[in-house]
>>> print(open('final.pdb').read())   # PDB, C-alpha atoms, pLDDT in the B column
MODEL        1
ATOM      1  CA  MET B1416      12.240  -5.230  -4.208  1.00 83.00           C
ATOM      2  CA  ASN B1417      13.781  -5.574  -0.764  1.00 90.00           C
ATOM      3  CA  VAL B1418      16.318  -8.371  -0.458  1.00 92.00           C
ATOM      4  CA  PHE B1419      15.695  -8.901   3.262  1.00 91.00           C
ATOM      5  CA  GLN B1420      11.919  -9.304   3.038  1.00 89.00           C
ATOM      6  CA  ILE B1421      10.961 -12.940   3.302  1.00 87.00           C
ATOM      7  CA  PRO B1422       7.539 -13.961   1.966  1.00 82.00           C
ATOM      8  CA  ALA B1423       5.337 -16.044   4.233  1.00 79.00           C
ATOM      9  CA  PRO B1424       4.447 -18.836   4.097  1.00 73.00           C
ATOM     10  CA  LEU B1425       7.627 -20.115   2.479  1.00 75.00           C
ATOM     11  CA  PRO B1426       7.118 -23.805   1.762  1.00 70.00           C
ATOM     12  CA  GLU B1427      10.130 -24.372  -0.511  1.00 85.00           C
ATOM     13  CA  GLN B1428      13.214 -22.526  -1.557  1.00 87.00           C
ATOM     14  CA  GLU B1429      12.375 -19.249  -3.232  1.00 90.00           C
ATOM     15  CA  TRP B1430      14.204 -17.887  -6.289  1.00 92.00           C
ATOM     16  CA  THR B1431      13.658 -14.241  -7.202  1.00 93.00           C
ATOM     17  CA  GLU B1432      15.260 -12.697 -10.263  1.00 96.00           C
ATOM     18  CA  LEU B1433      16.362  -9.207  -9.306  1.00 96.00           C
ATOM     19  CA  LEU B1434      18.036  -8.261 -12.582  1.00 96.00           C
ATOM     20  CA  LEU B1435      18.444  -9.687 -16.058  1.00 95.00           C
ATOM     21  CA  GLU B1436      20.444  -7.421 -18.296  1.00 92.00           C
ATOM     22  CA  GLY B1437      22.572  -8.781 -21.121  1.00 90.00           C
ATOM     23  CA  SER B1438      25.034 -11.282 -19.724  1.00 91.00           C
ATOM     24  CA  THR B1439      24.344 -10.259 -16.106  1.00 94.00           C
ATOM     25  CA  ARG B1440      21.738 -11.907 -13.912  1.00 96.00           C
ATOM     26  CA  ILE B1441      21.151 -11.278 -10.231  1.00 97.00           C
ATOM     27  CA  GLU B1442      19.062 -13.584  -8.086  1.00 97.00           C
ATOM     28  CA  ARG B1443      18.017 -13.781  -4.498  1.00 97.00           C
ATOM     29  CA  ILE B1444      17.546 -17.262  -3.122  1.00 96.00           C
ATOM     30  CA  ILE B1445      15.950 -17.983   0.224  1.00 95.00           C
ATOM     31  CA  SER B1446      16.789 -21.393   1.638  1.00 94.00           C
ATOM     32  CA  HIS B1447      15.699 -22.781   4.953  1.00 92.00           C
ATOM     33  CA  GLY B1448      17.518 -25.963   5.605  1.00 91.00           C
ATOM     34  CA  GLN B1449      17.613 -27.280   2.035  1.00 93.00           C
ATOM     35  CA  THR B1450      20.735 -28.625   0.407  1.00 94.00           C
ATOM     36  CA  SER B1451      21.299 -29.181  -3.315  1.00 94.00           C
ATOM     37  CA  GLY B1452      22.666 -31.602  -5.832  1.00 95.00           C
ATOM     38  CA  TRP B1453      25.812 -30.881  -7.810  1.00 97.00           C
ATOM     39  CA  TYR B1454      25.966 -27.830 -10.042  1.00 96.00           C
ATOM     40  CA  ASP B1455      28.123 -27.586 -13.162  1.00 96.00           C
ATOM     41  CA  GLN B1456      27.165 -24.136 -14.371  1.00 95.00           C
ATOM     42  CA  THR B1457      27.857 -22.470 -17.684  1.00 96.00           C
ATOM     43  CA  GLU B1458      27.889 -19.064 -15.951  1.00 96.00           C
ATOM     44  CA  ASP B1459      30.327 -17.579 -13.470  1.00 96.00           C
ATOM     45  CA  GLU B1460      28.722 -16.857 -10.106  1.00 97.00           C
ATOM     46  CA  TRP B1461      29.587 -14.466  -7.307  1.00 97.00           C
ATOM     47  CA  VAL B1462      27.624 -15.237  -4.180  1.00 98.00           C
ATOM     48  CA  CYS B1463      27.100 -13.440  -0.872  1.00 97.00           C
ATOM     49  CA  VAL B1464      25.201 -14.713   2.155  1.00 97.00           C
ATOM     50  CA  LEU B1465      23.057 -11.759   3.242  1.00 97.00           C
ATOM     51  CA  ALA B1466      21.501 -13.487   6.250  1.00 96.00           C
ATOM     52  CA  GLY B1467      22.004 -16.780   8.021  1.00 97.00           C
ATOM     53  CA  GLU B1468      24.651 -19.278   7.014  1.00 97.00           C
ATOM     54  CA  GLY B1469      25.322 -21.596   4.134  1.00 97.00           C
ATOM     55  CA  GLU B1470      27.973 -24.109   3.196  1.00 98.00           C
ATOM     56  CA  LEU B1471      29.364 -25.035  -0.188  1.00 98.00           C
ATOM     57  CA  GLU B1472      30.955 -28.372  -0.958  1.00 98.00           C
ATOM     58  CA  TYR B1473      33.409 -28.793  -3.820  1.00 98.00           C
ATOM     59  CA  ALA B1474      34.313 -31.776  -5.983  1.00 96.00           C
ATOM     60  CA  ASP B1475      37.532 -32.381  -3.990  1.00 96.00           C
ATOM     61  CA  GLY B1476      35.446 -32.847  -0.854  1.00 96.00           C
ATOM     62  CA  SER B1477      36.379 -29.531   0.728  1.00 97.00           C
ATOM     63  CA  ARG B1478      33.670 -27.423   2.310  1.00 98.00           C
ATOM     64  CA  GLN B1479      33.413 -23.656   2.637  1.00 97.00           C
ATOM     65  CA  ARG B1480      31.256 -22.252   5.391  1.00 98.00           C
ATOM     66  CA  LEU B1481      29.746 -18.882   4.546  1.00 97.00           C
ATOM     67  CA  ARG B1482      28.530 -16.819   7.458  1.00 96.00           C
ATOM     68  CA  THR B1483      26.413 -13.687   7.164  1.00 96.00           C
ATOM     69  CA  GLY B1484      28.219 -11.303   4.837  1.00 96.00           C
ATOM     70  CA  ASP B1485      30.717 -13.841   3.477  1.00 97.00           C
ATOM     71  CA  THR B1486      31.250 -14.144  -0.260  1.00 97.00           C
ATOM     72  CA  ALA B1487      32.474 -16.786  -2.692  1.00 97.00           C
ATOM     73  CA  TRP B1488      33.491 -16.859  -6.344  1.00 97.00           C
ATOM     74  CA  LEU B1489      32.396 -19.820  -8.414  1.00 97.00           C
ATOM     75  CA  PRO B1490      33.847 -19.750 -11.933  1.00 96.00           C
ATOM     76  CA  ALA B1491      31.824 -21.526 -14.603  1.00 96.00           C
ATOM     77  CA  HIS B1492      32.125 -25.318 -14.379  1.00 96.00           C
ATOM     78  CA  LEU B1493      33.544 -25.297 -10.856  1.00 97.00           C
ATOM     79  CA  ARG B1494      31.500 -28.180  -9.550  1.00 98.00           C
ATOM     80  CA  HIS B1495      29.837 -27.375  -6.250  1.00 98.00           C
ATOM     81  CA  ARG B1496      26.764 -28.086  -4.206  1.00 98.00           C
ATOM     82  CA  VAL B1497      25.031 -26.500  -1.250  1.00 97.00           C
ATOM     83  CA  SER B1498      25.765 -28.805   1.660  1.00 97.00           C
ATOM     84  CA  TYR B1499      24.061 -26.799   4.415  1.00 97.00           C
ATOM     85  CA  THR B1500      21.711 -23.854   4.871  1.00 96.00           C
ATOM     86  CA  SER B1501      20.408 -22.298   8.055  1.00 94.00           C
ATOM     87  CA  GLU B1502      16.752 -21.405   8.509  1.00 91.00           C
ATOM     88  CA  PRO B1503      16.598 -19.061   6.784  1.00 92.00           C
ATOM     89  CA  CYS B1504      19.620 -18.399   4.603  1.00 95.00           C
ATOM     90  CA  ILE B1505      19.410 -15.507   2.140  1.00 96.00           C
ATOM     91  CA  TRP B1506      21.780 -15.766  -0.837  1.00 97.00           C
ATOM     92  CA  LEU B1507      22.538 -12.978  -3.270  1.00 98.00           C
ATOM     93  CA  CYS B1508      23.876 -14.457  -6.514  1.00 98.00           C
ATOM     94  CA  VAL B1509      25.398 -12.486  -9.381  1.00 98.00           C
ATOM     95  CA  PHE B1510      25.731 -14.620 -12.518  1.00 97.00           C
ATOM     96  CA  ARG B1511      27.640 -13.695 -15.629  1.00 95.00           C
ATOM     97  CA  ARG B1512      27.805 -15.476 -18.926  1.00 91.00           C
ATOM     98  CA  ALA B1513      31.315 -16.243 -20.070  1.00 77.00           C
ATOM     99  CA  GLU B1514      32.531 -13.668 -22.630  1.00 65.00           C
TER     100      GLU B1514
ATOM    101  CA  MET R 875      35.887 -10.733   2.470  1.00 83.00           C
ATOM    102  CA  ASN R 876      32.839 -10.065   4.606  1.00 90.00           C
ATOM    103  CA  VAL R 877      30.582  -7.314   3.327  1.00 93.00           C
ATOM    104  CA  PHE R 878      29.261  -6.402   6.769  1.00 92.00           C
ATOM    105  CA  GLN R 879      32.642  -5.918   8.451  1.00 89.00           C
ATOM    106  CA  ILE R 880      33.429  -2.242   8.782  1.00 87.00           C
ATOM    107  CA  PRO R 881      37.083  -1.281   9.271  1.00 82.00           C
ATOM    108  CA  ALA R 882      37.891   1.082  12.099  1.00 79.00           C
ATOM    109  CA  PRO R 883      38.797   3.863  12.159  1.00 73.00           C
ATOM    110  CA  LEU R 884      36.926   4.885   9.030  1.00 75.00           C
ATOM    111  CA  PRO R 885      37.873   8.481   8.280  1.00 70.00           C
ATOM    112  CA  GLU R 886      36.394   8.749   4.781  1.00 85.00           C
ATOM    113  CA  GLN R 887      34.210   6.732   2.511  1.00 87.00           C
ATOM    114  CA  GLU R 888      35.690   3.333   1.814  1.00 90.00           C
ATOM    115  CA  TRP R 889      35.587   1.621  -1.584  1.00 92.00           C
ATOM    116  CA  THR R 890      36.424  -2.089  -1.739  1.00 93.00           C
ATOM    117  CA  GLU R 891      36.545  -3.975  -5.005  1.00 96.00           C
ATOM    118  CA  LEU R 892      35.011  -7.391  -4.386  1.00 96.00           C
ATOM    119  CA  LEU R 893      35.186  -8.692  -7.948  1.00 96.00           C
ATOM    120  CA  LEU R 894      36.622  -7.629 -11.275  1.00 95.00           C
ATOM    121  CA  GLU R 895      35.929 -10.160 -13.982  1.00 92.00           C
ATOM    122  CA  GLY R 896      35.526  -9.169 -17.599  1.00 90.00           C
ATOM    123  CA  SER R 897      32.757  -6.609 -17.900  1.00 91.00           C
ATOM    124  CA  THR R 898      31.526  -7.229 -14.342  1.00 94.00           C
ATOM    125  CA  ARG R 899      32.729  -5.283 -11.321  1.00 96.00           C
ATOM    126  CA  ILE R 900      31.385  -5.553  -7.789  1.00 97.00           C
ATOM    127  CA  GLU R 901      32.174  -2.980  -5.131  1.00 97.00           C
ATOM    128  CA  ARG R 902      31.288  -2.394  -1.544  1.00 96.00           C
ATOM    129  CA  ILE R 903      31.092   1.225  -0.481  1.00 96.00           C
ATOM    130  CA  ILE R 904      30.812   2.318   3.125  1.00 95.00           C
ATOM    131  CA  SER R 905      29.469   5.816   3.569  1.00 94.00           C
ATOM    132  CA  HIS R 906      28.797   7.553   6.841  1.00 92.00           C
ATOM    133  CA  GLY R 907      26.972  10.751   6.151  1.00 91.00           C
ATOM    134  CA  GLN R 908      28.727  11.688   2.926  1.00 93.00           C
ATOM    135  CA  THR R 909      26.873  12.790  -0.178  1.00 94.00           C
ATOM    136  CA  SER R 910      28.274  12.937  -3.708  1.00 94.00           C
ATOM    137  CA  GLY R 911      28.408  15.071  -6.802  1.00 95.00           C
ATOM    138  CA  TRP R 912      26.648  14.069 -10.010  1.00 97.00           C
ATOM    139  CA  TYR R 913      27.566  10.803 -11.697  1.00 96.00           C
ATOM    140  CA  ASP R 914      27.241  10.193 -15.432  1.00 96.00           C
ATOM    141  CA  GLN R 915      28.588   6.662 -15.651  1.00 95.00           C
ATOM    142  CA  THR R 916      29.616   4.657 -18.677  1.00 96.00           C
ATOM    143  CA  GLU R 917      28.621   1.444 -16.862  1.00 96.00           C
ATOM    144  CA  ASP R 918      25.216   0.149 -15.805  1.00 96.00           C
ATOM    145  CA  GLU R 919      24.905  -0.185 -12.035  1.00 97.00           C
ATOM    146  CA  TRP R 920      22.693  -2.301  -9.820  1.00 97.00           C
ATOM    147  CA  VAL R 921      22.855  -1.187  -6.230  1.00 98.00           C
ATOM    148  CA  CYS R 922      21.605  -2.632  -2.952  1.00 97.00           C
ATOM    149  CA  VAL R 923      21.767  -1.009   0.477  1.00 97.00           C
ATOM    150  CA  LEU R 924      23.004  -3.771   2.785  1.00 97.00           C
ATOM    151  CA  ALA R 925      22.886  -1.716   5.985  1.00 96.00           C
ATOM    152  CA  GLY R 926      21.645   1.721   6.904  1.00 97.00           C
ATOM    153  CA  GLU R 927      19.924   4.040   4.472  1.00 97.00           C
ATOM    154  CA  GLY R 928      20.847   6.036   1.424  1.00 97.00           C
ATOM    155  CA  GLU R 929      19.095   8.374  -0.946  1.00 98.00           C
ATOM    156  CA  LEU R 930      19.628   8.905  -4.657  1.00 98.00           C
ATOM    157  CA  GLU R 931      18.706  12.122  -6.441  1.00 98.00           C
ATOM    158  CA  TYR R 932      18.044  12.182 -10.175  1.00 98.00           C
ATOM    159  CA  ALA R 933      18.410  14.912 -12.776  1.00 96.00           C
ATOM    160  CA  ASP R 934      14.655  15.627 -12.740  1.00 96.00           C
ATOM    161  CA  GLY R 935      14.886  16.476  -9.051  1.00 96.00           C
ATOM    162  CA  SER R 936      13.184  13.286  -7.830  1.00 97.00           C
ATOM    163  CA  ARG R 937      14.693  11.433  -4.908  1.00 98.00           C
ATOM    164  CA  GLN R 938      14.655   7.726  -4.110  1.00 97.00           C
ATOM    165  CA  ARG R 939      15.089   6.652  -0.528  1.00 98.00           C
ATOM    166  CA  LEU R 940      16.745   3.257  -0.152  1.00 97.00           C
ATOM    167  CA  ARG R 941      16.284   1.533   3.167  1.00 96.00           C
ATOM    168  CA  THR R 942      18.186  -1.551   4.292  1.00 96.00           C
ATOM    169  CA  GLY R 943      17.716  -4.201   1.608  1.00 96.00           C
ATOM    170  CA  ASP R 944      16.302  -1.884  -1.062  1.00 97.00           C
ATOM    171  CA  THR R 945      17.721  -1.977  -4.572  1.00 97.00           C
ATOM    172  CA  ALA R 946      17.956   0.376  -7.532  1.00 97.00           C
ATOM    173  CA  TRP R 947      18.900   0.058 -11.194  1.00 97.00           C
ATOM    174  CA  LEU R 948      20.981   2.830 -12.724  1.00 97.00           C
ATOM    175  CA  PRO R 949      21.475   2.370 -16.468  1.00 96.00           C
ATOM    176  CA  ALA R 950      24.608   3.921 -17.919  1.00 96.00           C
ATOM    177  CA  HIS R 951      24.324   7.705 -18.259  1.00 96.00           C
ATOM    178  CA  LEU R 952      21.342   8.001 -15.937  1.00 97.00           C
ATOM    179  CA  ARG R 953      22.530  11.067 -14.071  1.00 98.00           C
ATOM    180  CA  HIS R 954      22.300  10.639 -10.331  1.00 98.00           C
ATOM    181  CA  ARG R 955      23.943  11.641  -7.102  1.00 98.00           C
ATOM    182  CA  VAL R 956      23.934  10.375  -3.534  1.00 97.00           C
ATOM    183  CA  SER R 957      21.889  12.949  -1.621  1.00 97.00           C
ATOM    184  CA  TYR R 958      21.942  11.274   1.799  1.00 97.00           C
ATOM    185  CA  THR R 959      23.661   8.464   3.647  1.00 96.00           C
ATOM    186  CA  SER R 960      23.163   7.254   7.197  1.00 95.00           C
ATOM    187  CA  GLU R 961      26.076   6.523   9.524  1.00 91.00           C
ATOM    188  CA  PRO R 962      26.995   4.013   8.345  1.00 92.00           C
ATOM    189  CA  CYS R 963      25.463   3.059   5.017  1.00 95.00           C
ATOM    190  CA  ILE R 964      26.810  -0.063   3.283  1.00 96.00           C
ATOM    191  CA  TRP R 965      26.249  -0.153  -0.474  1.00 97.00           C
ATOM    192  CA  LEU R 966      26.738  -3.197  -2.684  1.00 98.00           C
ATOM    193  CA  CYS R 967      27.235  -2.102  -6.276  1.00 98.00           C
ATOM    194  CA  VAL R 968      27.307  -4.379  -9.311  1.00 98.00           C
ATOM    195  CA  PHE R 969      28.640  -2.578 -12.379  1.00 97.00           C
ATOM    196  CA  ARG R 970      28.520  -3.869 -15.926  1.00 95.00           C
ATOM    197  CA  ARG R 971      30.086  -2.410 -19.019  1.00 91.00           C
ATOM    198  CA  ALA R 972      27.635  -1.854 -21.845  1.00 77.00           C
ATOM    199  CA  GLU R 973      27.773  -4.707 -24.364  1.00 65.00           C
TER     200      GLU R 973
ENDMDL
END
>>> encode(input="final.pdb", output="structure tokens")
Amino acid sequence: MNVFQIPAPLPEQEWTELLLEGSTRIERIISHGQTSGWYDQTEDEWVCVLAGEGELEYADGSRQRLRTGDTAWLPAHLRHRVSYTSEPCIWLCVFRRAE
Amino acid sequence: MNVFQIPAPLPEQEWTELLLEGSTRIERIISHGQTSGWYDQTEDEWVCVLAGEGELEYADGSRQRLRTGDTAWLPAHLRHRVSYTSEPCIWLCVFRRAE
């Protein structure tokens, strides 16, 4: 699996599970312009933008722009949504179940 | 923290802890030509080469070349060493303690 290889054609967002091992899950997500609804996750999430740009919006209205290489930490139940993605935007997401 | 930003000057390998949360630890390692001795880790490790190239050698003598974007899974106690790194080589390493 190569995280920078983008399948074509890519009609929608693409989720690829890279690892599922115990409480740890790693996903690659390829967005290209999509945004999301609100997430209220039961898992912690560490996220890194590997290519392109994305933006997260939080419940207090603040927004965090993530440029290529930037990272964010989203503890479980920190409400957030994806408010912007470039075309494409490659996310690497490391999820962990609360212990 | 931006995973692609390389500090200068960079005299030796650089380890940066990006996350330490319970049993999950995420590190960025910047190599530039260094190799390593043998590892026999107590943690599982998922690794991704974010820039450059690296090579892992295993106890059976096999070698795995990792080009930009390639990933590898190193269960705890899988003996391995870094047998090659380009200048530079940026590794993203997700460690998890056995459960």
>>> interface_residues(input="final.pdb", of="chain R", to="chain B", cutoff="12 Å", atoms="all atoms listed in the file", output="number ranges by chain")
R: 875-880, 892-902, 918-925, 940-949, 964, 966-973
>>> atom_distance(input="final.pdb", atom1="CA of Arg1480 in chain B", atom2="CA of Gly1448 in chain B")
14.2 Å
>>> atom_distance(input="final.pdb", atom1="CA of His1495 in chain B", atom2="CA of Leu1471 in chain B")
6.5 Å
>>> atom_distance(input="final.pdb", atom1="CA of Gln908 in chain R", atom2="CA of Glu931 in chain R")
13.7 Å
>>> resolve_selection(input="final.pdb", expression="the PyMOL selection byres ((chain R and resi 888) around 7)", output="JSON, numbers by chain")
{"R": [886, 887, 889, 890, 903, 904, 905]}
>>> resolve_selection(input="final.pdb", expression="the PyMOL selection byres ((chain B and resi 1494) around 6)", output="list in words")
Tyr1454, Asp1455, Ala1474, His1492, Leu1493 and His1495 of chain B
>>> build_atoms(input="final.pdb", residues="range 1476-1501 of chain B", atoms="N, CA, C and O atoms", output="JSON list (two decimals), in the coordinates of the input")
[["chain", "number", "residue", "atom", "x", "y", "z"],
["B", 1476, "GLY", "N", 35.89, -32.50, -2.20],
["B", 1476, "GLY", "CA", 35.45, -32.85, -0.85],
["B", 1476, "GLY", "C", 35.57, -31.72, 0.15],
["B", 1476, "GLY", "O", 35.05, -31.85, 1.27],
["B", 1477, "SER", "N", 36.24, -30.65, -0.21],
["B", 1477, "SER", "CA", 36.38, -29.53, 0.73],
["B", 1477, "SER", "C", 35.05, -28.80, 0.87],
["B", 1477, "SER", "O", 34.21, -28.83, -0.03],
["B", 1478, "ARG", "N", 34.90, -28.16, 2.02],
["B", 1478, "ARG", "CA", 33.67, -27.42, 2.31],
["B", 1478, "ARG", "C", 34.02, -26.01, 2.73],
["B", 1478, "ARG", "O", 35.04, -25.79, 3.40],
["B", 1479, "GLN", "N", 33.19, -25.07, 2.32],
["B", 1479, "GLN", "CA", 33.41, -23.66, 2.64],
["B", 1479, "GLN", "C", 32.18, -23.14, 3.35],
["B", 1479, "GLN", "O", 31.09, -23.06, 2.77],
["B", 1480, "ARG", "N", 32.37, -22.80, 4.62],
["B", 1480, "ARG", "CA", 31.26, -22.25, 5.39],
["B", 1480, "ARG", "C", 31.15, -20.76, 5.13],
["B", 1480, "ARG", "O", 32.16, -20.05, 5.20],
["B", 1481, "LEU", "N", 29.98, -20.31, 4.80],
["B", 1481, "LEU", "CA", 29.75, -18.88, 4.55],
["B", 1481, "LEU", "C", 28.81, -18.35, 5.62],
["B", 1481, "LEU", "O", 27.65, -18.76, 5.71],
["B", 1482, "ARG", "N", 29.35, -17.46, 6.43],
["B", 1482, "ARG", "CA", 28.53, -16.82, 7.46],
["B", 1482, "ARG", "C", 27.97, -15.51, 6.91],
["B", 1482, "ARG", "O", 28.34, -15.07, 5.83],
["B", 1483, "THR", "N", 27.07, -14.91, 7.65],
["B", 1483, "THR", "CA", 26.41, -13.69, 7.16],
["B", 1483, "THR", "C", 27.44, -12.68, 6.68],
["B", 1483, "THR", "O", 28.35, -12.30, 7.43],
["B", 1484, "GLY", "N", 27.32, -12.29, 5.42],
["B", 1484, "GLY", "CA", 28.22, -11.30, 4.84],
["B", 1484, "GLY", "C", 29.36, -11.91, 4.05],
["B", 1484, "GLY", "O", 30.04, -11.19, 3.31],
["B", 1485, "ASP", "N", 29.61, -13.20, 4.20],
["B", 1485, "ASP", "CA", 30.72, -13.84, 3.48],
["B", 1485, "ASP", "C", 30.37, -14.03, 2.00],
["B", 1485, "ASP", "O", 29.20, -14.18, 1.63],
["B", 1486, "THR", "N", 31.42, -14.06, 1.19],
["B", 1486, "THR", "CA", 31.25, -14.14, -0.26],
["B", 1486, "THR", "C", 32.08, -15.30, -0.82],
["B", 1486, "THR", "O", 33.04, -15.75, -0.20],
["B", 1487, "ALA", "N", 31.70, -15.75, -2.00],
["B", 1487, "ALA", "CA", 32.47, -16.79, -2.69],
["B", 1487, "ALA", "C", 32.40, -16.54, -4.19],
["B", 1487, "ALA", "O", 31.44, -15.94, -4.69],
["B", 1488, "TRP", "N", 33.42, -17.00, -4.89],
["B", 1488, "TRP", "CA", 33.49, -16.86, -6.34],
["B", 1488, "TRP", "C", 33.52, -18.25, -6.94],
["B", 1488, "TRP", "O", 34.38, -19.07, -6.59],
["B", 1489, "LEU", "N", 32.57, -18.50, -7.82],
["B", 1489, "LEU", "CA", 32.40, -19.82, -8.41],
["B", 1489, "LEU", "C", 32.50, -19.69, -9.93],
["B", 1489, "LEU", "O", 31.50, -19.45, -10.62],
["B", 1490, "PRO", "N", 33.71, -19.83, -10.48],
["B", 1490, "PRO", "CA", 33.85, -19.75, -11.93],
["B", 1490, "PRO", "C", 33.00, -20.83, -12.61],
["B", 1490, "PRO", "O", 32.71, -21.88, -12.01],
["B", 1491, "ALA", "N", 32.61, -20.55, -13.85],
["B", 1491, "ALA", "CA", 31.82, -21.53, -14.60],
["B", 1491, "ALA", "C", 32.50, -22.89, -14.53],
["B", 1491, "ALA", "O", 33.72, -23.01, -14.59],
["B", 1492, "HIS", "N", 31.69, -23.92, -14.38],
["B", 1492, "HIS", "CA", 32.12, -25.32, -14.38],
["B", 1492, "HIS", "C", 32.95, -25.71, -13.15],
["B", 1492, "HIS", "O", 33.53, -26.80, -13.13],
["B", 1493, "LEU", "N", 33.01, -24.85, -12.15],
["B", 1493, "LEU", "CA", 33.54, -25.30, -10.86],
["B", 1493, "LEU", "C", 32.43, -26.07, -10.16],
["B", 1493, "LEU", "O", 31.43, -25.48, -9.70],
["B", 1494, "ARG", "N", 32.58, -27.36, -10.12],
["B", 1494, "ARG", "CA", 31.50, -28.18, -9.55],
["B", 1494, "ARG", "C", 31.35, -27.90, -8.06],
["B", 1494, "ARG", "O", 32.33, -27.88, -7.32],
["B", 1495, "HIS", "N", 30.11, -27.68, -7.65],
["B", 1495, "HIS", "CA", 29.84, -27.38, -6.25],
["B", 1495, "HIS", "C", 28.39, -27.75, -5.93],
["B", 1495, "HIS", "O", 27.56, -27.91, -6.83],
["B", 1496, "ARG", "N", 28.14, -27.89, -4.66],
["B", 1496, "ARG", "CA", 26.76, -28.09, -4.21],
["B", 1496, "ARG", "C", 26.58, -27.35, -2.88],
["B", 1496, "ARG", "O", 27.56, -27.00, -2.21],
["B", 1497, "VAL", "N", 25.34, -27.10, -2.55],
["B", 1497, "VAL", "CA", 25.03, -26.50, -1.25],
["B", 1497, "VAL", "C", 24.86, -27.64, -0.26],
["B", 1497, "VAL", "O", 23.95, -28.46, -0.38],
["B", 1498, "SER", "N", 25.76, -27.68, 0.72],
["B", 1498, "SER", "CA", 25.76, -28.80, 1.66],
["B", 1498, "SER", "C", 25.09, -28.47, 2.99],
["B", 1498, "SER", "O", 24.88, -29.36, 3.82],
["B", 1499, "TYR", "N", 24.76, -27.21, 3.19],
["B", 1499, "TYR", "CA", 24.06, -26.80, 4.42],
["B", 1499, "TYR", "C", 23.47, -25.42, 4.21],
["B", 1499, "TYR", "O", 24.08, -24.57, 3.56],
["B", 1500, "THR", "N", 22.26, -25.21, 4.74],
["B", 1500, "THR", "CA", 21.71, -23.85, 4.87],
["B", 1500, "THR", "C", 21.00, -23.74, 6.21],
["B", 1500, "THR", "O", 20.37, -24.69, 6.68],
["B", 1501, "SER", "N", 21.13, -22.57, 6.81],
["B", 1501, "SER", "CA", 20.41, -22.30, 8.06],
["B", 1501, "SER", "C", 18.96, -21.94, 7.72],
["B", 1501, "SER", "O", 18.59, -21.83, 6.55]]
